[in-house]
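Novice: PDB, N, CA and C atoms, saved as coords_8.pdb, coming up:
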ATOM      1  N   MET A   1       0.841  -1.161   0.000
ATOM      2  CA  MET A   1       0.000   0.000   0.000
ATOM      3  C   MET A   1       0.891   1.230   0.000
ATOM      4  N   LEU A   2       0.406   2.303  -0.609
ATOM      5  CA  LEU A   2       1.174   3.547  -0.683
ATOM      6  C   LEU A   2       0.501   4.634   0.156
ATOM      7  N   ILE A   3       1.323   5.377   0.884
ATOM      8  CA  ILE A   3       0.852   6.429   1.781
ATOM      9  C   ILE A   3       1.640   7.694   1.481
ATOM     10  N   GLU A   4       0.951   8.815   1.262
ATOM     11  CA  GLU A   4       1.646  10.081   1.030
ATOM     12  C   GLU A   4       1.498  10.997   2.241
ATOM     13  N   ILE A   5       2.582  11.730   2.530
ATOM     14  CA  ILE A   5       2.617  12.589   3.712
ATOM     15  C   ILE A   5       3.396  13.868   3.382
ATOM     16  N   PRO A   6       2.851  15.059   3.707
ATOM     17  CA  PRO A   6       3.607  16.296   3.532
ATOM     18  C   PRO A   6       4.672  16.412   4.627
ATOM     19  N   LEU A   7       5.913  16.688   4.213
ATOM     20  CA  LEU A   7       7.040  16.690   5.148
ATOM     21  C   LEU A   7       7.790  18.021   5.133
ATOM     22  N   ASP A   8       8.495  18.283   6.243
ATOM     23  CA  ASP A   8       9.244  19.526   6.378
ATOM     24  C   ASP A   8      10.717  19.388   6.011
ATOM     25  N   SER A   9      11.145  18.206   5.585
ATOM     26  CA  SER A   9      12.553  17.978   5.255
ATOM     27  C   SER A   9      12.662  16.845   4.238
ATOM     28  N   LYS A  10      13.702  16.906   3.415
ATOM     29  CA  LYS A  10      13.978  15.818   2.471
ATOM     30  C   LYS A  10      14.799  14.711   3.120
ATOM     31  N   ASP A  11      15.301  14.969   4.303
ATOM     32  CA  ASP A  11      16.051  13.974   5.068
ATOM     33  C   ASP A  11      15.045  13.160   5.877
ATOM     34  N   MET A  12      14.785  11.951   5.446
ATOM     35  CA  MET A  12      13.738  11.136   6.063
ATOM     36  C   MET A  12      14.024  10.763   7.513
ATOM     37  N   LYS A  13      15.275  10.888   7.942
ATOM     38  CA  LYS A  13      15.613  10.577   9.340
ATOM     39  C   LYS A  13      15.124  11.652  10.299
ATOM     40  N   VAL A  14      14.988  12.888   9.803
ATOM     41  CA  VAL A  14      14.565  13.990  10.666
ATOM     42  C   VAL A  14      13.247  14.619  10.223
ATOM     43  N   ALA A  15      12.698  14.167   9.102
ATOM     44  CA  ALA A  15      11.475  14.764   8.544
ATOM     45  C   ALA A  15      10.304  14.620   9.507
ATOM     46  N   ARG A  16       9.495  15.662   9.519
ATOM     47  CA  ARG A  16       8.306  15.692  10.359
ATOM     48  C   ARG A  16       7.103  16.077   9.507
ATOM     49  N   VAL A  17       5.935  15.624   9.934
ATOM     50  CA  VAL A  17       4.701  15.976   9.236
ATOM     51  C   VAL A  17       4.473  17.477   9.374
ATOM     52  N   THR A  18       4.114  18.106   8.275
ATOM     53  CA  THR A  18       3.825  19.536   8.281
ATOM     54  C   THR A  18       2.552  19.794   7.496
ATOM     55  N   THR A  19       2.080  21.018   7.515
ATOM     56  CA  THR A  19       0.873  21.342   6.761
ATOM     57  C   THR A  19       1.157  21.228   5.267
ATOM     58  N   MET A  20       0.110  21.019   4.508
ATOM     59  CA  MET A  20       0.268  20.857   3.065
ATOM     60  C   MET A  20       0.880  22.110   2.438
ATOM     61  N   ASP A  21       0.491  23.287   2.919
ATOM     62  CA  ASP A  21       1.024  24.553   2.392
ATOM     63  C   ASP A  21       2.503  24.730   2.691
ATOM     64  N   SER A  22       2.973  24.173   3.780
ATOM     65  CA  SER A  22       4.363  24.338   4.214
ATOM     66  C   SER A  22       5.290  23.218   3.772
ATOM     67  N   ALA A  23       4.758  22.210   3.107
ATOM     68  CA  ALA A  23       5.549  21.017   2.774
ATOM     69  C   ALA A  23       6.750  21.355   1.904
ATOM     70  N   LEU A  24       7.920  20.929   2.353
ATOM     71  CA  LEU A  24       9.142  21.060   1.559
ATOM     72  C   LEU A  24       9.191  19.937   0.533
ATOM     73  N   CYS A  25       8.596  18.798   0.898
ATOM     74  CA  CYS A  25       8.485  17.671  -0.027
ATOM     75  C   CYS A  25       7.338  16.782   0.436
ATOM     76  N   TRP A  26       7.011  15.802  -0.404
ATOM     77  CA  TRP A  26       5.990  14.808  -0.070
ATOM     78  C   TRP A  26       6.653  13.452   0.011
ATOM     79  N   GLY A  27       6.457  12.784   1.128
ATOM     80  CA  GLY A  27       6.984  11.437   1.279
ATOM     81  C   GLY A  27       5.970  10.437   0.745
ATOM     82  N   LEU A  28       6.456   9.469  -0.024
ATOM     83  CA  LEU A  28       5.614   8.376  -0.504
ATOM     84  C   LEU A  28       6.143   7.102   0.134
ATOM     85  N   ILE A  29       5.368   6.564   1.043
ATOM     86  CA  ILE A  29       5.782   5.417   1.842
ATOM     87  C   ILE A  29       5.146   4.146   1.294
ATOM     88  N   THR A  30       5.974   3.153   1.062
ATOM     89  CA  THR A  30       5.480   1.824   0.716
ATOM     90  C   THR A  30       5.390   1.051   2.022
ATOM     91  N   PHE A  31       4.169   0.656   2.376
ATOM     92  CA  PHE A  31       3.887   0.006   3.656
ATOM     93  C   PHE A  31       3.277  -1.361   3.378
ATOM     94  N   GLU A  32       3.974  -2.419   3.784
ATOM     95  CA  GLU A  32       3.505  -3.782   3.529
ATOM     96  C   GLU A  32       3.702  -4.642   4.769
ATOM     97  N   GLU A  33       2.719  -5.431   5.077
ATOM     98  CA  GLU A  33       2.777  -6.369   6.192
ATOM     99  C   GLU A  33       3.190  -5.699   7.504
ATOM    100  N   GLY A  34       2.669  -4.489   7.731
ATOM    101  CA  GLY A  34       2.939  -3.779   8.968
ATOM    102  C   GLY A  34       4.314  -3.149   9.073
ATOM    103  N   VAL A  35       5.023  -3.063   7.933
ATOM    104  CA  VAL A  35       6.398  -2.550   7.937
ATOM    105  C   VAL A  35       6.579  -1.525   6.815
ATOM    106  N   VAL A  36       7.329  -0.470   7.109
ATOM    107  CA  VAL A  36       7.709   0.492   6.071
ATOM    108  C   VAL A  36       8.794  -0.148   5.224
ATOM    109  N   LYS A  37       8.500  -0.354   3.951
ATOM    110  CA  LYS A  37       9.460  -0.989   3.035
ATOM    111  C   LYS A  37      10.374   0.038   2.387
ATOM    112  N   SER A  38       9.809   1.223   2.046
ATOM    113  CA  SER A  38      10.631   2.271   1.427
ATOM    114  C   SER A  38       9.932   3.612   1.565
ATOM    115  N   ILE A  39      10.729   4.669   1.429
ATOM    116  CA  ILE A  39      10.203   6.036   1.443
ATOM    117  C   ILE A  39      10.874   6.789   0.296
ATOM    118  N   GLU A  40      10.055   7.344  -0.584
ATOM    119  CA  GLU A  40      10.560   8.191  -1.658
ATOM    120  C   GLU A  40      10.149   9.622  -1.364
ATOM    121  N   CYS A  41      10.929  10.572  -1.873
ATOM    122  CA  CYS A  41      10.642  11.980  -1.657
ATOM    123  C   CYS A  41      10.317  12.632  -3.001
ATOM    124  N   PHE A  42       9.236  13.408  -3.041
ATOM    125  CA  PHE A  42       8.810  14.118  -4.242
ATOM    126  C   PHE A  42       8.693  15.600  -3.924
ATOM    127  N   GLU A  43       9.124  16.437  -4.877
ATOM    128  CA  GLU A  43       9.055  17.893  -4.693
ATOM    129  C   GLU A  43       7.614  18.363  -4.483
ATOM    130  N   ARG A  44       6.705  17.827  -5.298
ATOM    131  CA  ARG A  44       5.304  18.241  -5.251
ATOM    132  C   ARG A  44       4.415  17.005  -5.211
ATOM    133  N   ARG A  45       3.275  17.147  -4.634
ATOM    134  CA  ARG A  45       2.321  16.030  -4.582
ATOM    135  C   ARG A  45       1.937  15.584  -5.987
ATOM    136  N   GLU A  46       1.833  16.528  -6.897
ATOM    137  CA  GLU A  46       1.443  16.239  -8.282
ATOM    138  C   GLU A  46       2.465  15.372  -9.010
ATOM    139  N   ASP A  47       3.672  15.269  -8.479
ATOM    140  CA  ASP A  47       4.720  14.448  -9.097
ATOM    141  C   ASP A  47       4.543  12.958  -8.802
ATOM    142  N   ILE A  48       3.672  12.626  -7.865
ATOM    143  CA  ILE A  48       3.425  11.218  -7.518
ATOM    144  C   ILE A  48       2.448  10.649  -8.535
ATOM    145  N   ASN A  49       2.904   9.684  -9.315
ATOM    146  CA  ASN A  49       2.077   9.125 -10.389
ATOM    147  C   ASN A  49       1.422   7.797 -10.028
ATOM    148  N   ASP A  50       1.798   7.213  -8.914
ATOM    149  CA  ASP A  50       1.247   5.927  -8.507
ATOM    150  C   ASP A  50      -0.116   6.118  -7.840
ATOM    151  N   PHE A  51      -0.900   5.035  -7.790
ATOM    152  CA  PHE A  51      -2.164   5.073  -7.068
ATOM    153  C   PHE A  51      -1.862   5.036  -5.574
ATOM    154  N   VAL A  52      -2.277   6.061  -4.869
ATOM    155  CA  VAL A  52      -2.026   6.183  -3.433
ATOM    156  C   VAL A  52      -3.261   5.707  -2.674
ATOM    157  N   ASP A  53      -3.046   4.892  -1.655
ATOM    158  CA  ASP A  53      -4.141   4.359  -0.853
ATOM    159  C   ASP A  53      -4.563   5.317   0.263
ATOM    160  N   TYR A  54      -3.566   5.904   0.936
ATOM    161  CA  TYR A  54      -3.822   6.786   2.072
ATOM    162  C   TYR A  54      -2.979   8.043   1.961
ATOM    163  N   ALA A  55      -3.513   9.128   2.530
ATOM    164  CA  ALA A  55      -2.733  10.335   2.763
ATOM    165  C   ALA A  55      -2.849  10.619   4.250
ATOM    166  N   ILE A  56      -1.761  11.092   4.818
ATOM    167  CA  ILE A  56      -1.782  11.488   6.226
ATOM    168  C   ILE A  56      -1.387  12.955   6.268
ATOM    169  N   VAL A  57      -2.266  13.791   6.817
ATOM    170  CA  VAL A  57      -2.022  15.233   6.864
ATOM    171  C   VAL A  57      -1.797  15.677   8.304
ATOM    172  N   ALA A  58      -1.361  16.935   8.469
ATOM    173  CA  ALA A  58      -0.938  17.425   9.777
ATOM    174  C   ALA A  58      -2.080  17.833  10.704
ATOM    175  N   LYS A  59      -3.226  18.223  10.122
ATOM    176  CA  LYS A  59      -4.305  18.694  10.992
ATOM    177  C   LYS A  59      -5.627  18.717  10.243
ATOM    178  N   GLN A  60      -6.702  18.800  10.998
ATOM    179  CA  GLN A  60      -8.024  18.963  10.407
ATOM    180  C   GLN A  60      -8.066  20.301   9.676
ATOM    181  N   GLY A  61      -8.870  20.391   8.644
ATOM    182  CA  GLY A  61      -9.025  21.652   7.928
ATOM    183  C   GLY A  61      -8.059  21.829   6.769
ATOM    184  N   GLU A  62      -7.193  20.856   6.537
ATOM    185  CA  GLU A  62      -6.288  20.924   5.387
ATOM    186  C   GLU A  62      -7.122  20.820   4.106
ATOM    187  N   PRO A  63      -6.633  21.350   2.984
ATOM    188  CA  PRO A  63      -7.375  21.272   1.715
ATOM    189  C   PRO A  63      -7.257  19.879   1.083
ATOM    190  N   ILE A  64      -8.055  18.950   1.572
ATOM    191  CA  ILE A  64      -7.916  17.544   1.178
ATOM    192  C   ILE A  64      -8.822  17.127   0.025
ATOM    193  N   TRP A  65      -9.663  18.041  -0.481
ATOM    194  CA  TRP A  65     -10.623  17.634  -1.514
ATOM    195  C   TRP A  65      -9.966  17.037  -2.756
ATOM    196  N   PRO A  66      -8.762  17.484  -3.217
ATOM    197  CA  PRO A  66      -8.165  16.798  -4.376
ATOM    198  C   PRO A  66      -7.873  15.321  -4.072
ATOM    199  N   MET A  67      -7.465  15.028  -2.868
ATOM    200  CA  MET A  67      -7.200  13.648  -2.465
ATOM    201  C   MET A  67      -8.494  12.844  -2.454
ATOM    202  N   MET A  68      -9.531  13.430  -1.910
ATOM    203  CA  MET A  68     -10.818  12.743  -1.837
ATOM    204  C   MET A  68     -11.339  12.464  -3.255
ATOM    205  N   GLU A  69     -11.135  13.399  -4.178
ATOM    206  CA  GLU A  69     -11.559  13.188  -5.566
ATOM    207  C   GLU A  69     -10.797  12.038  -6.219
ATOM    208  N   GLU A  70      -9.596  11.764  -5.730
ATOM    209  CA  GLU A  70      -8.782  10.662  -6.245
ATOM    210  C   GLU A  70      -9.035   9.363  -5.463
ATOM    211  N   SER A  71     -10.041   9.367  -4.617
ATOM    212  CA  SER A  71     -10.411   8.203  -3.794
ATOM    213  C   SER A  71      -9.297   7.786  -2.838
ATOM    214  N   ILE A  72      -8.572   8.778  -2.334
ATOM    215  CA  ILE A  72      -7.539   8.528  -1.328
ATOM    216  C   ILE A  72      -8.174   8.739   0.046
ATOM    217  N   PHE A  73      -8.010   7.766   0.919
ATOM    218  CA  PHE A  73      -8.525   7.861   2.281
ATOM    219  C   PHE A  73      -7.563   8.738   3.082
ATOM    220  N   VAL A  74      -8.068   9.804   3.702
ATOM    221  CA  VAL A  74      -7.204  10.784   4.381
ATOM    222  C   VAL A  74      -7.334  10.650   5.894
ATOM    223  N   LEU A  75      -6.177  10.540   6.547
ATOM    224  CA  LEU A  75      -6.096  10.462   8.001
ATOM    225  C   LEU A  75      -5.349  11.675   8.535
ATOM    226  N   VAL A  76      -5.528  11.959   9.815
ATOM    227  CA  VAL A  76      -4.900  13.125  10.434
ATOM    228  C   VAL A  76      -3.931  12.689  11.524
ATOM    229  N   ALA A  77      -2.701  13.208  11.429
ATOM    230  CA  ALA A  77      -1.695  13.016  12.479
ATOM    231  C   ALA A  77      -1.640  14.338  13.257
ATOM    232  N   GLU A  78      -0.493  14.633  13.834
ATOM    233  CA  GLU A  78      -0.295  15.906  14.517
ATOM    234  C   GLU A  78       0.903  16.593  13.878
ATOM    235  N   GLU A  79       0.762  17.873  13.626
ATOM    236  CA  GLU A  79       1.855  18.624  13.029
ATOM    237  C   GLU A  79       3.107  18.484  13.890
ATOM    238  N   GLY A  80       4.241  18.233  13.244
ATOM    239  CA  GLY A  80       5.505  18.082  13.952
ATOM    240  C   GLY A  80       5.841  16.664  14.354
ATOM    241  N   MET A  81       4.930  15.738  14.115
ATOM    242  CA  MET A  81       5.155  14.345  14.468
ATOM    243  C   MET A  81       6.171  13.724  13.499
ATOM    244  N   GLY A  82       7.098  12.927  14.013
ATOM    245  CA  GLY A  82       8.096  12.256  13.192
ATOM    246  C   GLY A  82       7.500  11.077  12.434
ATOM    247  N   LEU A  83       8.172  10.660  11.370
ATOM    248  CA  LEU A  83       7.669   9.564  10.538
ATOM    249  C   LEU A  83       7.499   8.258  11.304
ATOM    250  N   ASP A  84       8.437   7.943  12.181
ATOM    251  CA  ASP A  84       8.324   6.693  12.947
ATOM    252  C   ASP A  84       7.052   6.680  13.782
ATOM    253  N   GLU A  85       6.781   7.789  14.459
ATOM    254  CA  GLU A  85       5.587   7.861  15.302
ATOM    255  C   GLU A  85       4.316   7.825  14.461
ATOM    256  N   VAL A  86       4.322   8.535  13.326
ATOM    257  CA  VAL A  86       3.154   8.524  12.438
ATOM    258  C   VAL A  86       2.860   7.107  11.974
ATOM    259  N   MET A  87       3.892   6.405  11.533
ATOM    260  CA  MET A  87       3.672   5.062  10.999
ATOM    261  C   MET A  87       3.297   4.067  12.102
ATOM    262  N   GLU A  88       3.789   4.293  13.303
ATOM    263  CA  GLU A  88       3.383   3.437  14.421
ATOM    264  C   GLU A  88       1.899   3.642  14.719
ATOM    265  N   ARG A  89       1.462   4.893  14.723
ATOM    266  CA  ARG A  89       0.044   5.174  14.959
ATOM    267  C   ARG A  89      -0.815   4.646  13.807
ATOM    268  N   PHE A  90      -0.307   4.741  12.586
ATOM    269  CA  PHE A  90      -1.035   4.188  11.442
ATOM    270  C   PHE A  90      -1.185   2.676  11.609
ATOM    271  N   ARG A  91      -0.093   2.029  11.927
ATOM    272  CA  ARG A  91      -0.082   0.567  12.092
ATOM    273  C   ARG A  91      -1.120   0.111  13.116
ATOM    274  N   PHE A  92      -1.259   0.870  14.202
ATOM    275  CA  PHE A  92      -2.186   0.491  15.266
ATOM    276  C   PHE A  92      -3.543   1.192  15.166
ATOM    277  N   LYS A  93      -3.800   1.792  13.983
ATOM    278  CA  LYS A  93      -5.095   2.433  13.701
ATOM    279  C   LYS A  93      -5.452   3.510  14.733
ATOM    280  N   GLU A  94      -4.458   4.313  15.097
ATOM    281  CA  GLU A  94      -4.656   5.363  16.092
ATOM    282  C   GLU A  94      -4.794   6.761  15.459
ATOM    283  N   LEU A  95      -4.828   6.834  14.128
ATOM    284  CA  LEU A  95      -5.052   8.123  13.451
ATOM    285  C   LEU A  95      -6.521   8.205  13.097
ATOM    286  N   HIS A  96      -7.086   9.411  13.167
ATOM    287  CA  HIS A  96      -8.510   9.530  12.853
ATOM    288  C   HIS A  96      -8.722  10.088  11.443
ATOM    289  N   GLU A  97      -9.910   9.862  10.935
ATOM    290  CA  GLU A  97     -10.263  10.275   9.577
ATOM    291  C   GLU A  97     -10.370  11.782   9.483
ATOM    292  N   ALA A  98      -9.870  12.340   8.388
ATOM    293  CA  ALA A  98      -9.946  13.773   8.164
ATOM    294  C   ALA A  98     -11.372  14.162   7.775
ATOM    295  N   SER A  99     -11.720  15.394   8.080
ATOM    296  CA  SER A  99     -13.012  15.925   7.671
ATOM    297  C   SER A  99     -12.804  17.355   7.168
ATOM    298  N   PHE A 100     -13.791  17.849   6.460
ATOM    299  CA  PHE A 100     -13.693  19.227   5.927
ATOM    300  C   PHE A 100     -13.944  20.229   6.999
TER     301      PHE A 100
END
What's the C-alpha cells form of this structure?
Specialist:
Amino acid sequence: MLIEIPLDSKDMKVARVTTMDSALCWGLITFEEGVVKSIECFERREDINDFVDYAIVAKQGEPIWPMMEESIFVLVAEEGMGLDEVMERFRFKELHEASF
C-alpha cells in the first residue's frame, strides 16, 4: 500500500509531518505487512504518479478535496510528528479520519 505525507525535510531521518502549504516535499511510503518498506521523496504532490491508498495530513481543515476526488482515504496526524511515530500510529489504527 502507498501512503503520502507532507514533510518539512527531504532527510527522512529527521522529517516531520507539516501542513500541506508548508511542505518542503511529499513522502511516498510503501507500507507492507505492517512494515515500512521504502520512502521516496517528491518535490510536489502532483509528481506522484502511482495510485495512493492513504494520505496522512498534519491537521483537520487541510485542503484535502483533491485527495478525496482521487479516492484517497485521508487520516490526520499531529503537526511536527516524526515519521516513525506517524507510521506506528497508522499501524495500530490510532489516526482519525480527516473531515472538511
Novice: Could you list the residues chosen by the PyMOL selection byres (((chain A and resi 40-42 and name CA) around 12) and name CA) in this structure as an MDAnalysis selection string?
Specialist: chainID A and resid 2:12 15 23:31 36:39 43:50
Novice: Keeping N, CA and C atoms for every residue in the selection just given, could you write it to a file as a short mmCIF file (atom, residue, chain, number, x, y, z; two decimals), in the coordinates of the input?
Specialist:
data_model
loop_
_atom_site.label_atom_id
_atom_site.label_comp_id
_atom_site.auth_asym_id
_atom_site.auth_seq_id
_atom_site.Cartn_x
_atom_site.Cartn_y
_atom_site.Cartn_z
N LEU A 2 0.41 2.30 -0.61
CA LEU A 2 1.17 3.55 -0.68
C LEU A 2 0.50 4.63 0.16
N ILE A 3 1.32 5.38 0.88
CA ILE A 3 0.85 6.43 1.78
C ILE A 3 1.64 7.69 1.48
N GLU A 4 0.95 8.82 1.26
CA GLU A 4 1.65 10.08 1.03
C GLU A 4 1.50 11.00 2.24
N ILE A 5 2.58 11.73 2.53
CA ILE A 5 2.62 12.59 3.71
C ILE A 5 3.40 13.87 3.38
N PRO A 6 2.85 15.06 3.71
CA PRO A 6 3.61 16.30 3.53
C PRO A 6 4.67 16.41 4.63
N LEU A 7 5.91 16.69 4.21
CA LEU A 7 7.04 16.69 5.15
C LEU A 7 7.79 18.02 5.13
N ASP A 8 8.49 18.28 6.24
CA ASP A 8 9.24 19.53 6.38
C ASP A 8 10.72 19.39 6.01
N SER A 9 11.14 18.21 5.58
CA SER A 9 12.55 17.98 5.26
C SER A 9 12.66 16.84 4.24
N LYS A 10 13.70 16.91 3.42
CA LYS A 10 13.98 15.82 2.47
C LYS A 10 14.80 14.71 3.12
N ASP A 11 15.30 14.97 4.30
CA ASP A 11 16.05 13.97 5.07
C ASP A 11 15.04 13.16 5.88
N MET A 12 14.78 11.95 5.45
CA MET A 12 13.74 11.14 6.06
C MET A 12 14.02 10.76 7.51
N ALA A 15 12.70 14.17 9.10
CA ALA A 15 11.48 14.76 8.54
C ALA A 15 10.30 14.62 9.51
N ALA A 23 4.76 22.21 3.11
CA ALA A 23 5.55 21.02 2.77
C ALA A 23 6.75 21.36 1.90
N LEU A 24 7.92 20.93 2.35
CA LEU A 24 9.14 21.06 1.56
C LEU A 24 9.19 19.94 0.53
N CYS A 25 8.60 18.80 0.90
CA CYS A 25 8.48 17.67 -0.03
C CYS A 25 7.34 16.78 0.44
N TRP A 26 7.01 15.80 -0.40
CA TRP A 26 5.99 14.81 -0.07
C TRP A 26 6.65 13.45 0.01
N GLY A 27 6.46 12.78 1.13
CA GLY A 27 6.98 11.44 1.28
C GLY A 27 5.97 10.44 0.74
N LEU A 28 6.46 9.47 -0.02
CA LEU A 28 5.61 8.38 -0.50
C LEU A 28 6.14 7.10 0.13
N ILE A 29 5.37 6.56 1.04
CA ILE A 29 5.78 5.42 1.84
C ILE A 29 5.15 4.15 1.29
N THR A 30 5.97 3.15 1.06
CA THR A 30 5.48 1.82 0.72
C THR A 30 5.39 1.05 2.02
N PHE A 31 4.17 0.66 2.38
CA PHE A 31 3.89 0.01 3.66
C PHE A 31 3.28 -1.36 3.38
N VAL A 36 7.33 -0.47 7.11
CA VAL A 36 7.71 0.49 6.07
C VAL A 36 8.79 -0.15 5.22
N LYS A 37 8.50 -0.35 3.95
CA LYS A 37 9.46 -0.99 3.04
C LYS A 37 10.37 0.04 2.39
N SER A 38 9.81 1.22 2.05
CA SER A 38 10.63 2.27 1.43
C SER A 38 9.93 3.61 1.56
N ILE A 39 10.73 4.67 1.43
CA ILE A 39 10.20 6.04 1.44
C ILE A 39 10.87 6.79 0.30
N GLU A 43 9.12 16.44 -4.88
CA GLU A 43 9.06 17.89 -4.69
C GLU A 43 7.61 18.36 -4.48
N ARG A 44 6.70 17.83 -5.30
CA ARG A 44 5.30 18.24 -5.25
C ARG A 44 4.42 17.00 -5.21
N ARG A 45 3.28 17.15 -4.63
CA ARG A 45 2.32 16.03 -4.58
C ARG A 45 1.94 15.58 -5.99
N GLU A 46 1.83 16.53 -6.90
CA GLU A 46 1.44 16.24 -8.28
C GLU A 46 2.46 15.37 -9.01
N ASP A 47 3.67 15.27 -8.48
CA ASP A 47 4.72 14.45 -9.10
C ASP A 47 4.54 12.96 -8.80
N ILE A 48 3.67 12.63 -7.86
CA ILE A 48 3.42 11.22 -7.52
C ILE A 48 2.45 10.65 -8.54
N ASN A 49 2.90 9.68 -9.32
CA ASN A 49 2.08 9.12 -10.39
C ASN A 49 1.42 7.80 -10.03
N ASP A 50 1.80 7.21 -8.91
CA ASP A 50 1.25 5.93 -8.51
C ASP A 50 -0.12 6.12 -7.84
#
Novice: Enter the distance from atom CA of Glu97 of chain A to atom N of Leu75 of chain A, in Å, rounded to one decimal.
Specialist: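 Atom-to-atom, atom CA of Glu97 of chain A and atom N of Leu75 of chain A are spaced 5.1 Å apart.
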Novice: Based on the backbone DSSP call, show me all residues of segment 1-78 of chain A assigned helix (DSSP H, G or I), as a VMD selection string.
Specialist: chain A and resid 45 to 47 65 to 69
Novice: If the PyMOL selection byres ((chain A and resi 53) around 6) is run on the structure shown, which residues does it catch, given as a list of chain:residue names?
Specialist: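 Selected by the PyMOL selection byres ((chain A and resi 53) around 6) in this file: A:Met1, A:Leu2, A:Ile3, A:Phe51, A:Val52, A:Tyr54, A:Ala55, A:Ile72, A:Phe73.
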Novice: For atom C of Lys59 of chain A and atom N of Val74 of chain A, quote the distance in Å rounded to one decimal.
Specialist: 11.3 Å
Novice: Find, counting all atoms listed in the file, the residue in A:Met87, A:Glu62, A:His96, A:Met68 that gets nearest to Thr19 of chain A.
Specialist: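 Smallest distance to Thr19 of chain A is found for A:Glu62.
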Novice: Could you give me the residues within chain A that DSSP places in strand (DSSP E), as a PyMOL selection string?
Specialist: chain A and resi 2-7+25-32+35-42+54-57+73-76+96-97
Novice: Go ahead and compute the interatomic distance for atom CA of Val86 of chain A and atom CA of Glu33 of chain A, in Å to one decimal.
Specialist: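 Pair atom CA of Val86 of chain A / atom CA of Glu33 of chain A returns 16.2 Å.
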Novice: Of the residues A:Leu83, A:Ile64, A:Glu32, A:Val76, which is the one nearest to Leu95 of chain A, using all atoms listed in the file?
Specialist: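 Of A:Leu83, A:Ile64, A:Glu32, A:Val76, the one nearest Leu95 of chain A, counting all atoms listed in the file, is A:Val76.
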Novice: Determine the nearest neighbour of Ser99 of chain A from the options A:Gly34, A:Gly80, A:Gly61, A:Pro66, counting all atoms listed in the file.
Specialist: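 Of A:Gly34, A:Gly80, A:Gly61, A:Pro66, the one nearest Ser99 of chain A, counting all atoms listed in the file, is A:Gly61.
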Novice: Using the structure block above, produce a file of segment 50-74 of chain A that contains C-alpha atoms, as a PDB file, in the first residue's frame.
Specialist:
ATOM      1  CA  ASP A  50       1.247   5.927  -8.507  1.00  0.00           C
ATOM      2  CA  PHE A  51      -2.164   5.073  -7.068  1.00  0.00           C
ATOM      3  CA  VAL A  52      -2.026   6.183  -3.433  1.00  0.00           C
ATOM      4  CA  ASP A  53      -4.141   4.359  -0.853  1.00  0.00           C
ATOM      5  CA  TYR A  54      -3.822   6.786   2.072  1.00  0.00           C
ATOM      6  CA  ALA A  55      -2.733  10.335   2.763  1.00  0.00           C
ATOM      7  CA  ILE A  56      -1.782  11.488   6.226  1.00  0.00           C
ATOM      8  CA  VAL A  57      -2.022  15.233   6.864  1.00  0.00           C
ATOM      9  CA  ALA A  58      -0.938  17.425   9.777  1.00  0.00           C
ATOM     10  CA  LYS A  59      -4.305  18.694  10.992  1.00  0.00           C
ATOM     11  CA  GLN A  60      -8.024  18.963  10.407  1.00  0.00           C
ATOM     12  CA  GLY A  61      -9.025  21.652   7.928  1.00  0.00           C
ATOM     13  CA  GLU A  62      -6.288  20.924   5.387  1.00  0.00           C
ATOM     14  CA  PRO A  63      -7.375  21.272   1.715  1.00  0.00           C
ATOM     15  CA  ILE A  64      -7.916  17.544   1.178  1.00  0.00           C
ATOM     16  CA  TRP A  65     -10.623  17.634  -1.514  1.00  0.00           C
ATOM     17  CA  PRO A  66      -8.165  16.798  -4.376  1.00  0.00           C
ATOM     18  CA  MET A  67      -7.200  13.648  -2.465  1.00  0.00           C
ATOM     19  CA  MET A  68     -10.818  12.743  -1.837  1.00  0.00           C
ATOM     20  CA  GLU A  69     -11.559  13.188  -5.566  1.00  0.00           C
ATOM     21  CA  GLU A  70      -8.782  10.662  -6.245  1.00  0.00           C
ATOM     22  CA  SER A  71     -10.411   8.203  -3.794  1.00  0.00           C
ATOM     23  CA  ILE A  72      -7.539   8.528  -1.328  1.00  0.00           C
ATOM     24  CA  PHE A  73      -8.525   7.861   2.281  1.00  0.00           C
ATOM     25  CA  VAL A  74      -7.204  10.784   4.381  1.00  0.00           C
TER      26      VAL A  74
END
